[in-house]
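Colleague: The structure is given below, and queries will be raised subsequently.
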Amino acid sequence: GTPVRVSPSPPPAQARVQAEPLMVQIGYYALLVWTFLYFSRLLDISFSNLKIMMILNLIWLAAAAASGGIMTVLTTRVGLAFVAFFCWMLVAFPFSVWKGGSLETVQLTLRSILLMTCIIALVRTVRACKRMMYTIGFALAVAAVISRVSGEQTVTGRLALAVGTFSDPNFYALALFTGLPFLFLGVTIENVVQKLLSLAAILPILVTAVATGSRSGFLALITMLAVYFFRSSGRMRVYLLAGGGAAVMLVSAVASNYMVARLTTLFSSSYDESLSEGENR
């Protein structure tokens with residue numbers, strides 16, 4: 001018979017990654033720069049008179065608004081809940097006892113909601129989210145290095161930045177340890193360069209955190225490592241144990257006698273007579 005010609009089936013359509021609109025890209029990279037400057041506290045010691053943060057705020061806020069992302073986020077259930085909470089604050093504000101302090105709280109809440117919605121509107125992919133996390137981690141490593149140069153010691157010898165939000169040693173240590181999970185993420189990837197950079201960024205964070213003498217910070221670190229240990233593979237657990245041993249030796253090498261005495265009170269409920277009342281806190 002006559003041979004039947006079967007036409008080849010068309011190749012499967014390959015998924016194409018749609019490029020983000022230019023406005024979203026501009027806002028996203030402005031948000032990345034703003035995030036780095038905010039967490040690194042670089043502007044606390046230089047260029048303090050320049051309105052860099054305000055300019056970046058306007059760029060990523062305008063980009064998020066122009067792209068329609070803000071309205072999209074605020075019309076979700078979570079977004080509507082935040083809008084309702086803020087409206088209730090506006091209703092309660094005229095009846096507050098201390099209107100000056102209440103006005104500051106209202107302003108901070110509005111800024112937080114806008115920041116949340118803009119981040120959701122501009123950080124749209126997994127790759128963009130990872131880039132944001134790496135930015136936070138490396139920015140905190142820069143903050144750790146900066147404090148070794150421009151930081152000042154409290155009366156008891158604890159390290160903190162001279163000005164800004166990191167002037168409290170306890171808050172500073174907690175902020176530094178916040179960057180560790182993002183740097184751990186960089187350690188687990190196959191890219192050798194990024195792995196080495198992440199490992200190098202972890203070191204100044206640990207050294208500086210020791211100098212803060214924050215017991216609450218180290219409790220947070222122990223909890224973080226415990227969770228990470230039980231959720232990791234056997235090979236990663238070996239690395240964590242080795243890293244923990246190296247961290248203990250690092251603390252012993254760089255910490256003063258006062259810092260060692262302060263941190264060891266984590267494992268004792270007794271009052272250390274060698275420390276003053278303020279130092280025992």
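Every chain in the structure tokens takes a letter, A first, then B, and so on in the order presented; its residues are numbered from 1, and the ligands are numbered from 1 following the presented order.
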Assign secondary structure with DSSP using the backbone only, and return the residues of range 87-170 of chain A in helix (DSSP H, G or I) as a PyMOL selection string.

Modeller: chain A and resi 87-95+99-122+126-150+165-167+169-170

Colleague: I need the residues in range 39-263 of chain A that are strand (DSSP E or B) according to DSSP; give them as an mmCIF file with all heavy atoms, in the first residue's frame.

Modeller:
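part-v2.cif written:
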```cif
data_model
loop_
_atom_site.group_PDB
_atom_site.id
_atom_site.type_symbol
_atom_site.label_atom_id
_atom_site.label_comp_id
_atom_site.auth_asym_id
_atom_site.auth_seq_id
_atom_site.Cartn_x
_atom_site.Cartn_y
_atom_site.Cartn_z
ATOM 1 N N GLU A 152 32.717 51.675 69.721
ATOM 2 C CA GLU A 152 33.220 52.113 71.016
ATOM 3 C C GLU A 152 32.806 51.100 72.072
ATOM 4 O O GLU A 152 31.842 50.345 71.904
ATOM 5 C CB GLU A 152 32.658 53.489 71.368
ATOM 6 C CG GLU A 152 31.153 53.526 71.514
ATOM 7 C CD GLU A 152 30.650 54.914 71.872
ATOM 8 O OE1 GLU A 152 31.429 55.882 71.741
ATOM 9 O OE2 GLU A 152 29.494 55.016 72.289
ATOM 10 N N GLN A 153 33.543 51.064 73.152
ATOM 11 C CA GLN A 153 33.257 50.126 74.219
ATOM 12 C C GLN A 153 32.446 50.804 75.312
ATOM 13 O O GLN A 153 32.623 51.986 75.604
ATOM 14 C CB GLN A 153 34.563 49.573 74.810
ATOM 15 C CG GLN A 153 35.333 48.683 73.850
ATOM 16 C CD GLN A 153 36.574 48.109 74.494
ATOM 17 O OE1 GLN A 153 37.088 48.652 75.459
ATOM 18 N NE2 GLN A 153 37.053 47.002 73.960
ATOM 19 N N LEU A 159 31.463 45.820 73.200
ATOM 20 C CA LEU A 159 31.571 46.563 71.951
ATOM 21 C C LEU A 159 30.195 46.888 71.398
ATOM 22 O O LEU A 159 29.272 46.072 71.452
ATOM 23 C CB LEU A 159 32.353 45.747 70.919
ATOM 24 C CG LEU A 159 32.543 46.380 69.545
ATOM 25 C CD1 LEU A 159 33.453 47.603 69.649
ATOM 26 C CD2 LEU A 159 33.120 45.362 68.567
ATOM 27 N N ALA A 160 30.051 48.094 70.841
ATOM 28 C CA ALA A 160 28.843 48.512 70.135
ATOM 29 C C ALA A 160 29.221 49.649 69.212
ATOM 30 O O ALA A 160 30.264 50.274 69.365
ATOM 31 C CB ALA A 160 27.742 48.943 71.111
#
```

Colleague: From the list A:Ala66, A:Met71, A:Leu110, A:Leu221, which residue is nearest Phe86 in chain A when using only C-alpha atoms?

Modeller: A:Leu110

Colleague: What gap, in Å, lies between CA of Ile146 in chain A and CA of Thr265 in chain A?

Modeller: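 Between these atoms lies a distance of 28.4 Å.
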
Colleague: Name all residues at most 12 Å from Val123 in chain A (count only C-alpha atoms; drop same-chain ones fewer than 2 positions away) and give them as a CSV table (one decimal) with all heavy atoms, in the first residue's frame.

Modeller:
```csv
chain,number,residue,atom,x,y,z
A,20,GLU,N,11.4,40.8,34.0
A,20,GLU,CA,10.6,41.7,34.8
A,20,GLU,C,10.6,43.0,34.1
A,20,GLU,O,11.5,43.4,33.4
A,20,GLU,CB,11.3,41.8,36.2
A,20,GLU,CG,11.3,40.6,37.1
A,20,GLU,CD,9.9,40.2,37.6
A,20,GLU,OE1,9.0,41.0,37.4
A,20,GLU,OE2,9.8,39.1,38.1
A,24,VAL,N,10.3,47.6,37.6
A,24,VAL,CA,10.4,46.7,38.8
A,24,VAL,C,11.9,46.4,39.0
A,24,VAL,O,12.4,46.3,40.2
A,24,VAL,CB,9.7,45.4,38.5
A,24,VAL,CG1,10.0,44.4,39.6
A,24,VAL,CG2,8.2,45.6,38.5
A,25,GLN,N,12.7,46.2,37.9
A,25,GLN,CA,14.1,46.0,38.1
A,25,GLN,C,14.8,47.2,38.7
A,25,GLN,O,15.7,47.0,39.6
A,25,GLN,CB,14.7,45.7,36.7
A,25,GLN,CG,14.2,44.4,36.0
A,25,GLN,CD,14.9,44.1,34.7
A,25,GLN,OE1,16.1,44.4,34.6
A,25,GLN,NE2,14.2,43.6,33.8
A,26,ILE,N,14.5,48.4,38.3
A,26,ILE,CA,15.1,49.6,38.9
A,26,ILE,C,14.8,49.6,40.4
A,26,ILE,O,15.7,49.9,41.2
A,26,ILE,CB,14.6,50.8,38.2
A,26,ILE,CG1,15.2,50.9,36.7
A,26,ILE,CG2,15.1,52.1,38.9
A,26,ILE,CD1,14.6,52.0,35.9
A,27,GLY,N,13.5,49.4,40.7
A,27,GLY,CA,13.1,49.4,42.1
A,27,GLY,C,13.8,48.4,42.9
A,27,GLY,O,14.2,48.6,44.1
A,28,TYR,N,13.9,47.2,42.3
A,28,TYR,CA,14.5,46.0,43.1
A,28,TYR,C,16.0,46.3,43.4
A,28,TYR,O,16.4,46.1,44.5
A,28,TYR,CB,14.4,44.8,42.2
A,28,TYR,CG,15.2,43.6,42.8
A,28,TYR,CD1,14.8,43.0,43.9
A,28,TYR,CD2,16.3,43.1,42.1
A,28,TYR,CE1,15.5,41.9,44.4
A,28,TYR,CE2,17.1,42.1,42.6
A,28,TYR,CZ,16.6,41.5,43.8
A,28,TYR,OH,17.3,40.4,44.3
A,29,TYR,N,16.8,46.8,42.4
A,29,TYR,CA,18.2,47.1,42.7
A,29,TYR,C,18.4,48.3,43.6
A,29,TYR,O,19.3,48.3,44.4
A,29,TYR,CB,18.9,47.3,41.4
A,29,TYR,CG,19.2,46.0,40.6
A,29,TYR,CD1,18.4,45.7,39.5
A,29,TYR,CD2,20.1,45.0,41.1
A,29,TYR,CE1,18.6,44.5,38.8
A,29,TYR,CE2,20.3,43.8,40.4
A,29,TYR,CZ,19.5,43.6,39.3
A,29,TYR,OH,19.7,42.3,38.7
A,30,ALA,N,17.5,49.2,43.6
A,30,ALA,CA,17.5,50.3,44.5
A,30,ALA,C,17.2,49.8,45.9
A,30,ALA,O,17.8,50.2,46.9
A,30,ALA,CB,16.5,51.4,44.2
A,31,LEU,N,16.3,48.8,46.0
A,31,LEU,CA,16.0,48.2,47.3
A,31,LEU,C,17.2,47.4,47.8
A,31,LEU,O,17.5,47.4,49.0
A,31,LEU,CB,14.8,47.3,47.2
A,31,LEU,CG,14.3,46.6,48.4
A,31,LEU,CD1,13.9,47.6,49.5
A,31,LEU,CD2,13.1,45.7,48.1
A,32,LEU,N,17.9,46.7,46.9
A,32,LEU,CA,19.1,46.0,47.3
A,32,LEU,C,20.2,46.9,47.9
A,32,LEU,O,20.8,46.6,49.0
A,32,LEU,CB,19.7,45.2,46.1
A,32,LEU,CG,19.1,43.9,45.7
A,32,LEU,CD1,19.9,43.3,44.6
A,32,LEU,CD2,19.1,42.9,46.9
A,60,TRP,N,12.6,53.0,45.1
A,60,TRP,CA,11.9,51.7,45.2
A,60,TRP,C,10.4,51.9,45.6
A,60,TRP,O,9.6,51.0,45.2
A,60,TRP,CB,12.6,50.7,46.1
A,60,TRP,CG,12.9,51.1,47.5
A,60,TRP,CD1,14.1,51.5,48.0
A,60,TRP,CD2,12.0,51.1,48.7
A,60,TRP,NE1,14.1,51.7,49.4
A,60,TRP,CE2,12.8,51.5,49.8
A,60,TRP,CE3,10.7,50.8,48.9
A,60,TRP,CZ2,12.2,51.6,51.1
A,60,TRP,CZ3,10.1,51.0,50.1
A,60,TRP,CH2,10.9,51.3,51.2
A,63,ALA,N,8.7,52.8,42.3
A,63,ALA,CA,8.7,51.6,41.4
A,63,ALA,C,7.7,50.6,41.8
A,63,ALA,O,6.9,50.0,40.9
A,63,ALA,CB,10.1,50.9,41.4
A,64,ALA,N,7.5,50.4,43.1
A,64,ALA,CA,6.5,49.4,43.6
A,64,ALA,C,5.1,49.9,43.3
A,64,ALA,O,4.2,49.2,43.0
A,64,ALA,CB,6.7,49.1,45.1
A,69,GLY,N,2.3,46.8,42.2
A,69,GLY,CA,2.6,45.8,43.2
A,69,GLY,C,2.0,46.1,44.6
A,69,GLY,O,1.6,45.2,45.3
A,115,LEU,N,7.3,49.2,53.7
A,115,LEU,CA,8.5,48.4,53.4
A,115,LEU,C,8.1,47.0,53.1
A,115,LEU,O,8.6,46.4,52.2
A,115,LEU,CB,9.5,48.5,54.6
A,115,LEU,CG,10.7,47.7,54.4
A,115,LEU,CD1,11.5,48.2,53.2
A,115,LEU,CD2,11.6,47.8,55.7
A,116,MET,N,7.2,46.4,53.9
A,116,MET,CA,6.8,45.1,53.7
A,116,MET,C,6.1,44.9,52.3
A,116,MET,O,6.5,44.0,51.6
A,116,MET,CB,5.8,44.7,54.8
A,116,MET,CG,5.2,43.3,54.6
A,116,MET,SD,3.7,43.0,55.5
A,116,MET,CE,2.5,44.1,54.6
A,117,THR,N,5.2,45.8,52.0
A,117,THR,CA,4.5,45.7,50.7
A,117,THR,C,5.5,45.9,49.5
A,117,THR,O,5.3,45.2,48.5
A,117,THR,CB,3.4,46.7,50.6
A,117,THR,OG1,3.9,48.0,50.9
A,117,THR,CG2,2.3,46.3,51.6
A,118,CYS,N,6.4,46.8,49.6
A,118,CYS,CA,7.3,47.0,48.6
A,118,CYS,C,8.3,45.9,48.3
A,118,CYS,O,8.6,45.5,47.2
A,118,CYS,CB,8.1,48.3,48.8
A,118,CYS,SG,7.2,49.8,48.6
A,119,ILE,N,8.7,45.2,49.4
A,119,ILE,CA,9.6,44.1,49.3
A,119,ILE,C,8.9,42.9,48.6
A,119,ILE,O,9.4,42.3,47.7
A,119,ILE,CB,10.1,43.6,50.7
A,119,ILE,CG1,11.1,44.6,51.3
A,119,ILE,CG2,10.7,42.2,50.6
A,119,ILE,CD1,11.5,44.3,52.7
A,120,ILE,N,7.6,42.7,49.0
A,120,ILE,CA,6.8,41.6,48.3
A,120,ILE,C,6.6,42.0,46.9
A,120,ILE,O,6.6,41.1,46.0
A,120,ILE,CB,5.5,41.4,49.1
A,120,ILE,CG1,5.8,41.0,50.5
A,120,ILE,CG2,4.6,40.4,48.4
A,120,ILE,CD1,4.5,40.9,51.4
A,121,ALA,N,6.3,43.3,46.6
A,121,ALA,CA,6.0,43.7,45.2
A,121,ALA,C,7.2,43.6,44.3
A,121,ALA,O,7.1,43.4,43.1
A,121,ALA,CB,5.5,45.1,45.2
A,125,THR,N,10.9,36.6,42.5
A,125,THR,CA,11.4,35.3,42.1
A,125,THR,C,12.3,34.7,43.3
A,125,THR,O,12.7,35.5,44.1
A,125,THR,CB,12.3,35.4,40.8
A,125,THR,OG1,13.4,36.2,41.1
A,125,THR,CG2,11.4,36.0,39.7
A,126,VAL,N,12.5,33.4,43.2
A,126,VAL,CA,13.4,32.8,44.2
A,126,VAL,C,14.8,33.3,44.1
A,126,VAL,O,15.5,33.5,45.1
A,126,VAL,CB,13.4,31.2,44.0
A,126,VAL,CG1,14.3,30.6,44.9
A,126,VAL,CG2,12.0,30.7,44.2
A,127,ARG,N,15.3,33.5,42.9
A,127,ARG,CA,16.6,34.1,42.7
A,127,ARG,C,16.8,35.4,43.3
A,127,ARG,O,17.8,35.8,44.0
A,127,ARG,CB,17.0,34.1,41.2
A,127,ARG,CG,18.4,34.6,40.9
A,127,ARG,CD,18.6,34.6,39.4
A,127,ARG,NE,20.0,35.0,39.1
A,127,ARG,CZ,20.5,35.1,37.9
A,127,ARG,NH1,19.7,34.8,36.8
A,127,ARG,NH2,21.7,35.5,37.7
A,128,ALA,N,15.7,36.3,43.1
A,128,ALA,CA,15.8,37.6,43.7
A,128,ALA,C,15.7,37.6,45.2
A,128,ALA,O,16.4,38.4,45.9
A,128,ALA,CB,14.6,38.4,43.2
A,129,CYS,N,15.0,36.6,45.7
A,129,CYS,CA,14.9,36.5,47.2
A,129,CYS,C,16.2,36.0,47.8
A,129,CYS,O,16.7,36.5,48.8
A,129,CYS,CB,13.8,35.4,47.5
A,129,CYS,SG,13.5,35.2,49.3
A,130,LYS,N,16.9,35.1,47.1
A,130,LYS,CA,18.2,34.6,47.6
A,130,LYS,C,19.2,35.8,47.5
A,130,LYS,O,20.0,35.9,48.4
A,130,LYS,CB,18.7,33.5,46.7
A,130,LYS,CG,18.0,32.2,47.0
A,130,LYS,CD,18.6,31.0,46.2
A,130,LYS,CE,17.9,29.7,46.6
A,130,LYS,NZ,18.5,28.6,45.8
A,131,ARG,N,19.2,36.6,46.4
A,131,ARG,CA,20.1,37.7,46.3
A,131,ARG,C,19.9,38.7,47.5
A,131,ARG,O,20.8,39.3,48.0
A,131,ARG,CB,19.9,38.4,45.0
A,131,ARG,CG,21.0,39.4,44.6
A,131,ARG,CD,20.7,40.1,43.3
A,131,ARG,NE,20.9,39.1,42.2
A,131,ARG,CZ,20.0,38.9,41.3
A,131,ARG,NH1,18.9,39.5,41.3
A,131,ARG,NH2,20.3,38.0,40.3
A,132,MET,N,18.6,38.9,47.8
A,132,MET,CA,18.3,39.8,49.0
A,132,MET,C,18.9,39.2,50.3
A,132,MET,O,19.4,39.9,51.1
A,132,MET,CB,16.8,39.9,49.1
A,132,MET,CG,16.3,40.8,50.3
A,132,MET,SD,16.8,42.5,50.2
A,132,MET,CE,15.8,43.1,48.8
A,133,MET,N,18.7,37.9,50.5
A,133,MET,CA,19.3,37.3,51.7
A,133,MET,C,20.8,37.4,51.8
A,133,MET,O,21.4,37.7,52.8
A,133,MET,CB,18.8,35.8,51.8
A,133,MET,CG,17.3,35.7,52.0
A,133,MET,SD,16.8,34.0,52.4
A,133,MET,CE,17.1,33.2,50.8
```

Colleague: Figure out the distance between CA of Ala65 in chain A and CA of Ala92 in chain A, please, to one decimal in Å.

Modeller: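 Going from CA of Ala92 in chain A over to CA of Ala65 in chain A covers 27.7 Å.
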
Colleague: If you count only C-alpha atoms, which residues fall within 9 Å of Leu206 in chain A, apart from same-chain ones fewer than 2 positions away, as a PyMOL selection string?

Modeller: chain A and resi 144+176-177+202-204+208-211+247+250-251

Colleague: Please identify all polymer residues within 8 Å of range 185-199 of chain A, counting only C-alpha atoms, omitting same-chain residues fewer than 4 positions from it, and present them as an mmCIF file with C-alpha atoms, in the first residue's frame.

Modeller:
```cif
data_model
loop_
_atom_site.group_PDB
_atom_site.id
_atom_site.type_symbol
_atom_site.label_atom_id
_atom_site.label_comp_id
_atom_site.auth_asym_id
_atom_site.auth_seq_id
_atom_site.Cartn_x
_atom_site.Cartn_y
_atom_site.Cartn_z
ATOM 1 C CA TYR A 134 22.914 37.284 50.602
ATOM 2 C CA PHE A 138 27.231 40.309 53.674
ATOM 3 C CA PRO A 181 21.477 31.743 58.195
ATOM 4 C CA LEU A 203 34.352 34.963 60.694
#
```

Colleague: Neighbours of Tyr38 in chain A within 12 Å (only C-alpha atoms; same-chain residues fewer than 3 positions away dropped), as a ChimeraX atom specification?

Modeller: /A:31-35,41-44,52-54,56-57,135-140,142-143,164-166,175

Colleague: Quick one: distance from CA of Ser252 in chain A to CA of Thr264 in chain A in Å, one decimal?

Modeller: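 These atoms are spaced 11.3 Å apart.
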